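entry-v9.pdb follows (PDB, C-alpha atoms, pLDDT in the B column):
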ATOM      1  CA  MET S  19     129.741  89.667  88.923  1.00 46.00           C
ATOM      2  CA  ASP S  20     128.545  90.215  92.503  1.00 68.00           C
ATOM      3  CA  ALA S  21     125.141  91.797  91.879  1.00 90.00           C
ATOM      4  CA  VAL S  22     122.295  89.692  90.499  1.00 95.00           C
ATOM      5  CA  ILE S  23     118.879  90.851  89.328  1.00 97.00           C
ATOM      6  CA  ASP S  24     115.913  89.434  87.450  1.00 98.00           C
ATOM      7  CA  LEU S  25     114.453  91.262  84.448  1.00 98.00           C
ATOM      8  CA  ASN S  26     110.679  90.959  84.062  1.00 97.00           C
ATOM      9  CA  SER S  27     108.105  92.267  81.615  1.00 97.00           C
ATOM     10  CA  ASP S  28     104.320  92.121  81.126  1.00 96.00           C
ATOM     11  CA  LEU S  29     103.524  89.862  78.187  1.00 97.00           C
ATOM     12  CA  GLY S  30     100.562  88.113  76.584  1.00 96.00           C
ATOM     13  CA  GLU S  31      98.504  91.281  76.587  1.00 96.00           C
ATOM     14  CA  GLY S  32      96.992  90.954  73.128  1.00 94.00           C
ATOM     15  CA  PHE S  33      93.383  89.870  72.688  1.00 95.00           C
ATOM     16  CA  GLY S  34      91.829  88.231  69.651  1.00 92.00           C
ATOM     17  CA  ALA S  35      92.745  90.227  66.559  1.00 90.00           C
ATOM     18  CA  TRP S  36      94.398  92.989  68.611  1.00 92.00           C
ATOM     19  CA  PRO S  37      98.096  92.371  69.326  1.00 90.00           C
ATOM     20  CA  LEU S  38      99.948  94.390  71.944  1.00 90.00           C
ATOM     21  CA  GLY S  39     103.711  94.459  72.248  1.00 87.00           C
ATOM     22  CA  ASP S  40     106.318  92.144  70.750  1.00 93.00           C
ATOM     23  CA  ASP S  41     106.207  89.115  73.029  1.00 96.00           C
ATOM     24  CA  ASP S  42     108.662  87.041  70.992  1.00 96.00           C
ATOM     25  CA  ALA S  43     111.348  89.718  70.966  1.00 96.00           C
ATOM     26  CA  LEU S  44     110.972  90.460  74.668  1.00 97.00           C
ATOM     27  CA  LEU S  45     111.188  86.767  75.541  1.00 97.00           C
ATOM     28  CA  ASP S  46     114.697  86.828  74.076  1.00 97.00           C
ATOM     29  CA  VAL S  47     115.667  89.534  76.587  1.00 97.00           C
ATOM     30  CA  VAL S  48     113.808  89.091  79.872  1.00 98.00           C
ATOM     31  CA  THR S  49     114.280  86.309  82.412  1.00 98.00           C
ATOM     32  CA  SER S  50     110.730  86.357  83.806  1.00 98.00           C
ATOM     33  CA  ALA S  51     107.447  86.883  81.963  1.00 98.00           C
ATOM     34  CA  ASN S  52     104.392  88.280  83.748  1.00 98.00           C
ATOM     35  CA  ILE S  53     101.736  86.777  81.507  1.00 98.00           C
ATOM     36  CA  ALA S  54      98.186  88.144  81.421  1.00 98.00           C
ATOM     37  CA  CYS S  55      95.617  85.541  82.457  1.00 98.00           C
ATOM     38  CA  GLY S  56      92.579  86.577  80.406  1.00 97.00           C
ATOM     39  CA  PHE S  57      90.852  89.022  82.768  1.00 98.00           C
ATOM     40  CA  HIS S  58      92.579  92.326  81.961  1.00 97.00           C
ATOM     41  CA  ALA S  59      94.098  91.069  78.693  1.00 97.00           C
ATOM     42  CA  GLY S  60      94.969  87.866  76.892  1.00 97.00           C
ATOM     43  CA  ASP S  61      92.804  85.021  75.584  1.00 97.00           C
ATOM     44  CA  PRO S  62      93.313  81.236  75.498  1.00 97.00           C
ATOM     45  CA  SER S  63      95.237  81.312  72.213  1.00 97.00           C
ATOM     46  CA  VAL S  64      97.476  84.145  73.426  1.00 97.00           C
ATOM     47  CA  LEU S  65      98.102  82.372  76.740  1.00 97.00           C
ATOM     48  CA  ARG S  66      99.045  79.134  75.006  1.00 98.00           C
ATOM     49  CA  ARG S  67     101.354  80.800  72.503  1.00 98.00           C
ATOM     50  CA  VAL S  68     103.231  82.921  75.039  1.00 98.00           C
ATOM     51  CA  THR S  69     103.614  80.140  77.615  1.00 98.00           C
ATOM     52  CA  GLU S  70     104.971  77.797  74.940  1.00 98.00           C
ATOM     53  CA  ARG S  71     107.510  80.347  73.751  1.00 98.00           C
ATOM     54  CA  ALA S  72     108.523  81.262  77.284  1.00 98.00           C
ATOM     55  CA  ALA S  73     109.061  77.580  78.079  1.00 98.00           C
ATOM     56  CA  GLU S  74     111.151  77.113  74.929  1.00 98.00           C
ATOM     57  CA  ARG S  75     113.454  79.941  76.015  1.00 97.00           C
ATOM     58  CA  GLY S  76     113.688  78.943  79.667  1.00 97.00           C
ATOM     59  CA  VAL S  77     111.945  82.128  80.802  1.00 98.00           C
ATOM     60  CA  SER S  78     110.146  81.888  84.156  1.00 98.00           C
ATOM     61  CA  ILE S  79     106.372  82.120  83.808  1.00 98.00           C
ATOM     62  CA  GLY S  80     104.467  84.344  86.219  1.00 98.00           C
ATOM     63  CA  ALA S  81     100.691  84.754  86.492  1.00 98.00           C
ATOM     64  CA  GLN S  82      99.845  88.433  86.157  1.00 98.00           C
ATOM     65  CA  VAL S  83      96.448  88.575  87.802  1.00 98.00           C
ATOM     66  CA  GLY S  84      94.108  91.538  87.602  1.00 98.00           C
ATOM     67  CA  TYR S  85      90.573  92.789  87.837  1.00 98.00           C
ATOM     68  CA  ARG S  86      87.992  91.451  85.372  1.00 97.00           C
ATOM     69  CA  ASP S  87      88.292  94.565  83.212  1.00 97.00           C
ATOM     70  CA  LEU S  88      89.139  93.976  79.555  1.00 96.00           C
ATOM     71  CA  ALA S  89      87.751  97.339  78.445  1.00 95.00           C
ATOM     72  CA  GLY S  90      89.894  99.231  80.932  1.00 96.00           C
ATOM     73  CA  PHE S  91      92.955  96.990  80.579  1.00 96.00           C
ATOM     74  CA  GLY S  92      92.735  96.298  84.290  1.00 96.00           C
ATOM     75  CA  ARG S  93      93.704  99.855  85.142  1.00 95.00           C
ATOM     76  CA  ARG S  94      90.437 100.753  86.898  1.00 97.00           C
ATOM     77  CA  PHE S  95      89.939  99.988  90.576  1.00 97.00           C
ATOM     78  CA  ILE S  96      87.044  97.646  91.374  1.00 98.00           C
ATOM     79  CA  ASP S  97      85.681  97.540  94.919  1.00 97.00           C
ATOM     80  CA  MET S  98      85.224  93.775  95.038  1.00 97.00           C
ATOM     81  CA  ASP S  99      84.050  91.443  97.748  1.00 98.00           C
ATOM     82  CA  PRO S 100      87.241  89.794  99.094  1.00 98.00           C
ATOM     83  CA  ASP S 101      85.963  86.269  98.466  1.00 98.00           C
ATOM     84  CA  ASP S 102      85.109  87.148  94.877  1.00 98.00           C
ATOM     85  CA  LEU S 103      88.541  88.682  94.351  1.00 98.00           C
ATOM     86  CA  ALA S 104      90.281  85.643  95.823  1.00 98.00           C
ATOM     87  CA  ASN S 105      88.275  83.349  93.551  1.00 98.00           C
ATOM     88  CA  ASP S 106      89.101  85.480  90.506  1.00 98.00           C
ATOM     89  CA  VAL S 107      92.805  85.286  91.336  1.00 98.00           C
ATOM     90  CA  ILE S 108      92.652  81.502  91.793  1.00 98.00           C
ATOM     91  CA  TYR S 109      90.818  81.194  88.473  1.00 98.00           C
ATOM     92  CA  GLN S 110      93.484  83.223  86.659  1.00 98.00           C
ATOM     93  CA  ILE S 111      96.434  81.351  88.130  1.00 98.00           C
ATOM     94  CA  GLY S 112      94.812  78.044  87.257  1.00 98.00           C
ATOM     95  CA  ALA S 113      94.101  79.073  83.678  1.00 98.00           C
ATOM     96  CA  LEU S 114      97.656  80.154  82.993  1.00 98.00           C
ATOM     97  CA  ASP S 115      99.115  77.204  84.873  1.00 98.00           C
ATOM     98  CA  GLY S 116      97.175  74.820  82.628  1.00 98.00           C
ATOM     99  CA  PHE S 117      98.763  76.251  79.497  1.00 98.00           C
ATOM    100  CA  ALA S 118     102.180  76.468  81.157  1.00 98.00           C
ATOM    101  CA  ARG S 119     102.042  72.789  82.103  1.00 98.00           C
ATOM    102  CA  ILE S 120     101.185  71.536  78.618  1.00 98.00           C
ATOM    103  CA  ALA S 121     104.143  73.633  77.441  1.00 98.00           C
ATOM    104  CA  GLY S 122     106.375  71.668  79.816  1.00 98.00           C
ATOM    105  CA  SER S 123     106.642  74.371  82.460  1.00 98.00           C
ATOM    106  CA  ALA S 124     104.430  75.802  85.216  1.00 98.00           C
ATOM    107  CA  VAL S 125     103.474  79.082  86.829  1.00 98.00           C
ATOM    108  CA  ARG S 126     106.457  79.989  89.022  1.00 98.00           C
ATOM    109  CA  TYR S 127     105.224  83.177  90.732  1.00 98.00           C
ATOM    110  CA  VAL S 128     102.321  85.645  90.905  1.00 98.00           C
ATOM    111  CA  LYS S 129     102.254  89.396  90.278  1.00 98.00           C
ATOM    112  CA  PRO S 130      99.146  91.619  90.358  1.00 98.00           C
ATOM    113  CA  HIS S 131      98.519  93.888  87.387  1.00 97.00           C
ATOM    114  CA  GLY S 132      97.593  97.527  86.980  1.00 95.00           C
ATOM    115  CA  ALA S 133      94.946  98.864  89.345  1.00 96.00           C
ATOM    116  CA  LEU S 134      95.082  95.721  91.471  1.00 98.00           C
ATOM    117  CA  TYR S 135      98.859  96.124  91.862  1.00 97.00           C
ATOM    118  CA  ASN S 136      98.343  99.701  93.024  1.00 95.00           C
ATOM    119  CA  ALA S 137      95.370  98.824  95.228  1.00 97.00           C
ATOM    120  CA  VAL S 138      97.205  96.163  97.236  1.00 98.00           C
ATOM    121  CA  VAL S 139      99.905  98.659  98.145  1.00 97.00           C
ATOM    122  CA  ALA S 140      97.551 100.138 100.773  1.00 97.00           C
ATOM    123  CA  HIS S 141      94.227  98.263 100.551  1.00 98.00           C
ATOM    124  CA  ALA S 142      94.621  95.673 103.309  1.00 98.00           C
ATOM    125  CA  GLU S 143      91.431  93.773 102.511  1.00 98.00           C
ATOM    126  CA  GLN S 144      92.238  93.267  98.843  1.00 98.00           C
ATOM    127  CA  ALA S 145      95.848  92.422  99.653  1.00 98.00           C
ATOM    128  CA  ALA S 146      94.582  89.749 102.037  1.00 98.00           C
ATOM    129  CA  ALA S 147      92.353  88.330  99.285  1.00 98.00           C
ATOM    130  CA  VAL S 148      95.265  88.038  96.853  1.00 98.00           C
ATOM    131  CA  VAL S 149      97.472  86.432  99.503  1.00 98.00           C
ATOM    132  CA  GLU S 150      94.719  83.971 100.441  1.00 98.00           C
ATOM    133  CA  ALA S 151      94.255  83.004  96.785  1.00 98.00           C
ATOM    134  CA  ILE S 152      97.952  82.273  96.320  1.00 98.00           C
ATOM    135  CA  ARG S 153      98.158  80.406  99.620  1.00 98.00           C
ATOM    136  CA  ARG S 154      95.180  78.247  98.651  1.00 98.00           C
ATOM    137  CA  TYR S 155      96.443  77.548  95.126  1.00 98.00           C
ATOM    138  CA  ASP S 156     100.100  76.876  95.929  1.00 98.00           C
ATOM    139  CA  PRO S 157     101.833  78.327  99.002  1.00 98.00           C
ATOM    140  CA  ALA S 158     105.206  77.678  97.338  1.00 98.00           C
ATOM    141  CA  LEU S 159     104.536  80.374  94.711  1.00 98.00           C
ATOM    142  CA  PRO S 160     106.504  83.591  95.358  1.00 98.00           C
ATOM    143  CA  VAL S 161     104.747  86.958  95.240  1.00 98.00           C
ATOM    144  CA  LEU S 162     106.316  89.709  93.138  1.00 98.00           C
ATOM    145  CA  GLY S 163     105.449  93.099  94.613  1.00 97.00           C
ATOM    146  CA  LEU S 164     106.303  96.629  95.657  1.00 96.00           C
ATOM    147  CA  PRO S 165     108.475  97.116  98.763  1.00 95.00           C
ATOM    148  CA  GLY S 166     106.504  98.312 101.774  1.00 94.00           C
ATOM    149  CA  SER S 167     103.143  97.310 100.323  1.00 97.00           C
ATOM    150  CA  GLN S 168     100.322  95.593 102.181  1.00 98.00           C
ATOM    151  CA  LEU S 169     100.675  92.733  99.709  1.00 98.00           C
ATOM    152  CA  VAL S 170     104.304  92.154 100.644  1.00 98.00           C
ATOM    153  CA  LYS S 171     103.641  92.565 104.366  1.00 98.00           C
ATOM    154  CA  GLN S 172     100.727  90.154 104.434  1.00 98.00           C
ATOM    155  CA  ALA S 173     102.416  87.645 102.131  1.00 98.00           C
ATOM    156  CA  GLU S 174     105.384  87.492 104.508  1.00 98.00           C
ATOM    157  CA  GLU S 175     103.072  87.077 107.487  1.00 98.00           C
ATOM    158  CA  ALA S 176     101.329  84.200 105.684  1.00 98.00           C
ATOM    159  CA  GLY S 177     104.646  82.468 105.105  1.00 98.00           C
ATOM    160  CA  LEU S 178     104.800  83.097 101.358  1.00 98.00           C
ATOM    161  CA  SER S 179     108.053  83.919  99.598  1.00 98.00           C
ATOM    162  CA  VAL S 180     108.299  87.561  98.556  1.00 98.00           C
ATOM    163  CA  VAL S 181     110.332  89.051  95.717  1.00 98.00           C
ATOM    164  CA  LEU S 182     110.737  92.837  95.720  1.00 97.00           C
ATOM    165  CA  GLU S 183     110.682  94.661  92.419  1.00 96.00           C
ATOM    166  CA  SER S 184     111.433  98.081  91.052  1.00 96.00           C
ATOM    167  CA  PHE S 185     110.410  99.721  87.783  1.00 95.00           C
ATOM    168  CA  ALA S 186     112.798 100.850  85.096  1.00 93.00           C
ATOM    169  CA  ASP S 187     110.262 102.968  83.221  1.00 93.00           C
ATOM    170  CA  ARG S 188     107.862 104.223  85.908  1.00 94.00           C
ATOM    171  CA  THR S 189     108.312 107.233  88.173  1.00 96.00           C
ATOM    172  CA  TYR S 190     108.083 107.141  91.956  1.00 96.00           C
ATOM    173  CA  THR S 191     106.431 109.352  94.553  1.00 96.00           C
ATOM    174  CA  PRO S 192     108.516 110.411  97.580  1.00 96.00           C
ATOM    175  CA  GLU S 193     106.633 107.732  99.550  1.00 94.00           C
ATOM    176  CA  GLY S 194     107.956 104.960  97.294  1.00 94.00           C
ATOM    177  CA  THR S 195     104.728 104.276  95.412  1.00 94.00           C
ATOM    178  CA  LEU S 196     104.283 104.562  91.651  1.00 95.00           C
ATOM    179  CA  VAL S 197     103.042 107.835  90.192  1.00 95.00           C
ATOM    180  CA  SER S 198      99.499 107.379  88.856  1.00 91.00           C
ATOM    181  CA  ARG S 199      99.225 106.752  85.128  1.00 89.00           C
ATOM    182  CA  ARG S 200      96.771 109.642  85.051  1.00 89.00           C
ATOM    183  CA  GLU S 201      99.789 111.914  85.524  1.00 92.00           C
ATOM    184  CA  ALA S 202     101.817 112.909  82.463  1.00 89.00           C
ATOM    185  CA  SER S 203     105.041 112.104  84.323  1.00 90.00           C
ATOM    186  CA  ALA S 204     104.066 108.514  85.208  1.00 93.00           C
ATOM    187  CA  VAL S 205     106.116 106.798  82.491  1.00 93.00           C
ATOM    188  CA  VAL S 206     109.789 107.423  81.718  1.00 93.00           C
ATOM    189  CA  LEU S 207     109.995 107.613  77.927  1.00 89.00           C
ATOM    190  CA  ASP S 208     113.640 108.613  77.417  1.00 93.00           C
ATOM    191  CA  PRO S 209     115.571 105.355  76.829  1.00 94.00           C
ATOM    192  CA  ASP S 210     118.798 106.866  78.171  1.00 96.00           C
ATOM    193  CA  VAL S 211     117.089 107.753  81.438  1.00 95.00           C
ATOM    194  CA  VAL S 212     115.498 104.287  81.709  1.00 96.00           C
ATOM    195  CA  VAL S 213     118.910 102.659  81.268  1.00 96.00           C
ATOM    196  CA  GLU S 214     120.588 104.959  83.797  1.00 97.00           C
ATOM    197  CA  ARG S 215     117.838 104.386  86.383  1.00 96.00           C
ATOM    198  CA  SER S 216     117.981 100.629  85.881  1.00 96.00           C
ATOM    199  CA  VAL S 217     121.707 100.396  86.529  1.00 96.00           C
ATOM    200  CA  ARG S 218     121.465 102.658  89.573  1.00 96.00           C
ATOM    201  CA  MET S 219     118.651 100.599  91.053  1.00 96.00           C
ATOM    202  CA  ALA S 220     120.555  97.347  90.515  1.00 96.00           C
ATOM    203  CA  VAL S 221     123.973  98.582  91.648  1.00 95.00           C
ATOM    204  CA  GLU S 222     123.173 101.239  94.272  1.00 94.00           C
ATOM    205  CA  GLY S 223     119.684 100.178  95.314  1.00 93.00           C
ATOM    206  CA  ALA S 224     118.462 103.730  94.763  1.00 95.00           C
ATOM    207  CA  VAL S 225     116.141 105.745  92.505  1.00 95.00           C
ATOM    208  CA  GLN S 226     115.217 109.406  92.319  1.00 94.00           C
ATOM    209  CA  ALA S 227     111.591 110.267  93.095  1.00 96.00           C
ATOM    210  CA  VAL S 228     109.655 112.960  91.220  1.00 95.00           C
ATOM    211  CA  ASP S 229     110.465 115.563  93.895  1.00 95.00           C
ATOM    212  CA  GLY S 230     114.190 114.952  93.567  1.00 95.00           C
ATOM    213  CA  SER S 231     114.543 112.937  96.761  1.00 96.00           C
ATOM    214  CA  VAL S 232     116.384 109.610  96.642  1.00 96.00           C
ATOM    215  CA  LEU S 233     114.581 106.397  97.595  1.00 95.00           C
ATOM    216  CA  LYS S 234     116.499 103.386  98.847  1.00 94.00           C
ATOM    217  CA  LEU S 235     115.414 100.114  97.262  1.00 90.00           C
ATOM    218  CA  SER S 236     116.574  96.508  97.372  1.00 87.00           C
ATOM    219  CA  PRO S 237     115.160  95.173  94.106  1.00 94.00           C
ATOM    220  CA  GLN S 238     115.441  91.503  93.268  1.00 96.00           C
ATOM    221  CA  SER S 239     113.602  92.019  89.991  1.00 98.00           C
ATOM    222  CA  LEU S 240     113.432  94.935  87.568  1.00 97.00           C
ATOM    223  CA  CYS S 241     110.324  95.522  85.433  1.00 96.00           C
ATOM    224  CA  VAL S 242     110.431  96.910  81.898  1.00 93.00           C
ATOM    225  CA  HIS S 243     106.908  97.316  80.557  1.00 87.00           C
ATOM    226  CA  GLY S 244     106.155  95.585  77.287  1.00 80.00           C
ATOM    227  CA  ASP S 245     103.689  98.259  76.131  1.00 78.00           C
ATOM    228  CA  THR S 246     106.067 101.208  76.553  1.00 79.00           C
ATOM    229  CA  PRO S 247     107.025 102.747  73.171  1.00 79.00           C
ATOM    230  CA  GLY S 248     110.284 101.142  72.006  1.00 87.00           C
ATOM    231  CA  ALA S 249     110.030  98.501  74.745  1.00 90.00           C
ATOM    232  CA  VAL S 250     112.132  95.866  72.989  1.00 94.00           C
ATOM    233  CA  GLU S 251     115.088  98.129  72.272  1.00 94.00           C
ATOM    234  CA  ILE S 252     114.879  99.625  75.763  1.00 94.00           C
ATOM    235  CA  ALA S 253     114.907  96.148  77.325  1.00 95.00           C
ATOM    236  CA  ARG S 254     117.917  95.151  75.223  1.00 96.00           C
ATOM    237  CA  ARG S 255     119.791  98.275  76.240  1.00 97.00           C
ATOM    238  CA  VAL S 256     118.919  97.773  79.904  1.00 97.00           C
ATOM    239  CA  ARG S 257     120.172  94.192  79.877  1.00 97.00           C
ATOM    240  CA  LYS S 258     123.421  95.159  78.153  1.00 97.00           C
ATOM    241  CA  ALA S 259     123.993  98.077  80.528  1.00 97.00           C
ATOM    242  CA  LEU S 260     123.426  95.815  83.535  1.00 97.00           C
ATOM    243  CA  ALA S 261     125.962  93.311  82.210  1.00 96.00           C
ATOM    244  CA  ASP S 262     128.450  96.123  81.502  1.00 96.00           C
ATOM    245  CA  ALA S 263     127.996  97.282  85.107  1.00 96.00           C
ATOM    246  CA  GLY S 264     128.806  93.803  86.422  1.00 95.00           C
ATOM    247  CA  VAL S 265     125.242  92.786  87.197  1.00 96.00           C
ATOM    248  CA  ALA S 266     124.220  89.236  86.347  1.00 96.00           C
ATOM    249  CA  VAL S 267     120.679  88.981  84.942  1.00 97.00           C
ATOM    250  CA  LYS S 268     119.033  85.752  86.108  1.00 96.00           C
ATOM    251  CA  PRO S 269     115.493  84.603  86.976  1.00 96.00           C
ATOM    252  CA  PHE S 270     114.677  84.748  90.693  1.00 95.00           C
ATOM    253  CA  VAL S 271     112.912  81.395  90.484  1.00 91.00           C
TER
END

Turn this file's structure into structure tokens for me.
Amino acid sequence: MDAVIDLNSDLGEGFGAWPLGDDDALLDVVTSANIACGFHAGDPSVLRRVTERAAERGVSIGAQVGYRDLAGFGRRFIDMDPDDLANDVIYQIGALDGFARIAGSAVRYVKPHGALYNAVVAHAEQAAAVVEAIRRYDPALPVLGLPGSQLVKQAEEAGLSVVLESFADRTYTPEGTLVSRREASAVVLDPDVVVERSVRMAVEGAVQAVDGSVLKLSPQSLCVHGDTPGAVEIARRVRKALADAGVAVKPFV
């Protein structure tokens, strides 16, 4: 196997009595877990349970930081003061890292969630706030982000490690950004198409945008969303297809 890629998924997104996704099943498939930190989803009990089970399975734990927006699941942009945003990100990393450490592990990387992820593609000020938060908390933590984004650019300039990711089940604009979830075409629901796209991205470094054009990518990590219908079976099929194509699935950190 010459090609190597990480497989990540968003986990820990339940809250109180409301579960979301099958964290346990996905932890048997993915190599990295982007765990909600309590602002867009998750609560202390959820964080502790998911970090413990990730540690038991040797899955890398990532802090998935977002806006303080439980009602909107972190999918609504908030025009925050940069200092406030940086402090919120530090708070979230620290909360998850506490639970990860008592589970015998630690937060290994950081990935923004939802509207914050999309905002820091072009919003230089908010990207700078996220980078500053990570640099202040632990400059050794890699940043998982979208190629060409302000987040990636500024993280590199700040001397942080950057890991580029692509999305198995999200569609792309011709510019290489993700299609807004407000659009009906934003999520790829056909498992066969998700599997085919995943293998192409890992092997060829390419994906077809919504206009039919082909984007060149160099993904080090592939995201399969945990809240997509049939997420567990899709993730299993993606991992098997990658192995069948000669791609080794391993954590990037």

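Proximity to Asp42 in chain S at 8 Å, evaluated using all atoms listed in the file and with sequence-adjacent residues fewer than 2 positions away removed, yields S:Asp40, S:Leu44, S:Leu45, S:Asp46, S:Val68, S:Arg71.
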
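The two atoms in question, CA of Asp115 in chain S and CA of Tyr127 in chain S, are spaced 10.4 Å apart.
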
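This file, filtered with the PyMOL selection byres ((chain S and resi 61) around 12), gives the residues S:Gly30, S:Glu31, S:Gly32, S:Phe33, S:Gly34, S:Ala35, S:Trp36, S:Pro37, S:Ile53, S:Ala54, S:Cys55, S:Gly56, S:Phe57, S:His58, S:Ala59, S:Gly60, S:Pro62, S:Ser63, S:Val64, S:Leu65, S:Arg66, S:Arg67, S:Val68, S:Leu88, S:Gln110, S:Ala113, S:Leu114, S:Phe117.
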
Item to complete: Give me the residues within 9 Å of range 188-202 of chain S as an MDAnalysis selection string, counting only C-alpha atoms and dropping any in the same chain fewer than 3 places off.
Response: chainID S and resid 93 136 139 164:167 184:185 205:207 212 225:235 242:243

Worksheet item: Do you have the CA of Ile23 in chain S-CA of Val267 in chain S distance handy?
Response: 5.1 Å

Worksheet, complete the sentence: What separates CA of Pro130 in chain S and CA of Gln82 in chain S is a distance of 5.3 Å

Discussion item. Selection in question (the file shown): the PyMOL selection byres ((chain S and resi 94) around 12). Which residues does it include, as a VMD selection string?
Written reply: chain S and resid 58 84 to 93 95 to 98 131 to 137 198 to 200

Worksheet item: Between S:Glu222, S:Asp99, S:Asp106, S:Glu74, which has the minimum distance to Ser236 in chain S (counting all atoms listed in the file)?
Response: S:Glu222

Discussion item. Once the PyMOL selection byres ((chain S and resi 216) around 10) has been evaluated on this model, what residues remain selected, and can you format them as a list in words?
Written reply: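 Answer for the PyMOL selection byres ((chain S and resi 216) around 10): Ser184, Phe185, Ala186, Asp187, Asp210, Val211, Val212, Val213, Glu214, Arg215, Val217, Arg218, Met219, Ala220, Val221, Glu222, Gly223, Ala224, Val225, Leu240, Cys241, Val242, Val256, Arg257, Ala259 and Leu260 of chain S.
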
Item to complete: Measuring atom to atom with all atoms listed in the file, identify which of S:Asp245, S:Asp101, S:Glu183, S:Glu251 is nearest to Asp28 in chain S.
Response: S:Asp245

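Nearest to Val138 in chain S of all the residues S:Arg126, S:Arg154, S:Arg119, S:Lys171 is S:Lys171, based on all atoms listed in the file.
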
Worksheet entry | Best match for closeness to Arg255 in chain S among S:Val47, S:Leu38, S:Ala176, S:Ala147, counting all atoms listed in the file |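 Of S:Val47, S:Leu38, S:Ala176, S:Ala147, the one nearest Arg255 in chain S is S:Val47, counting all atoms listed in the file.
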
Worksheet item: For Ile108 in chain S, which residue among S:Glu143, S:Glu150, S:Glu175, S:Glu70 is the nearest when counting only C-alpha atoms?
Response: S:Glu150
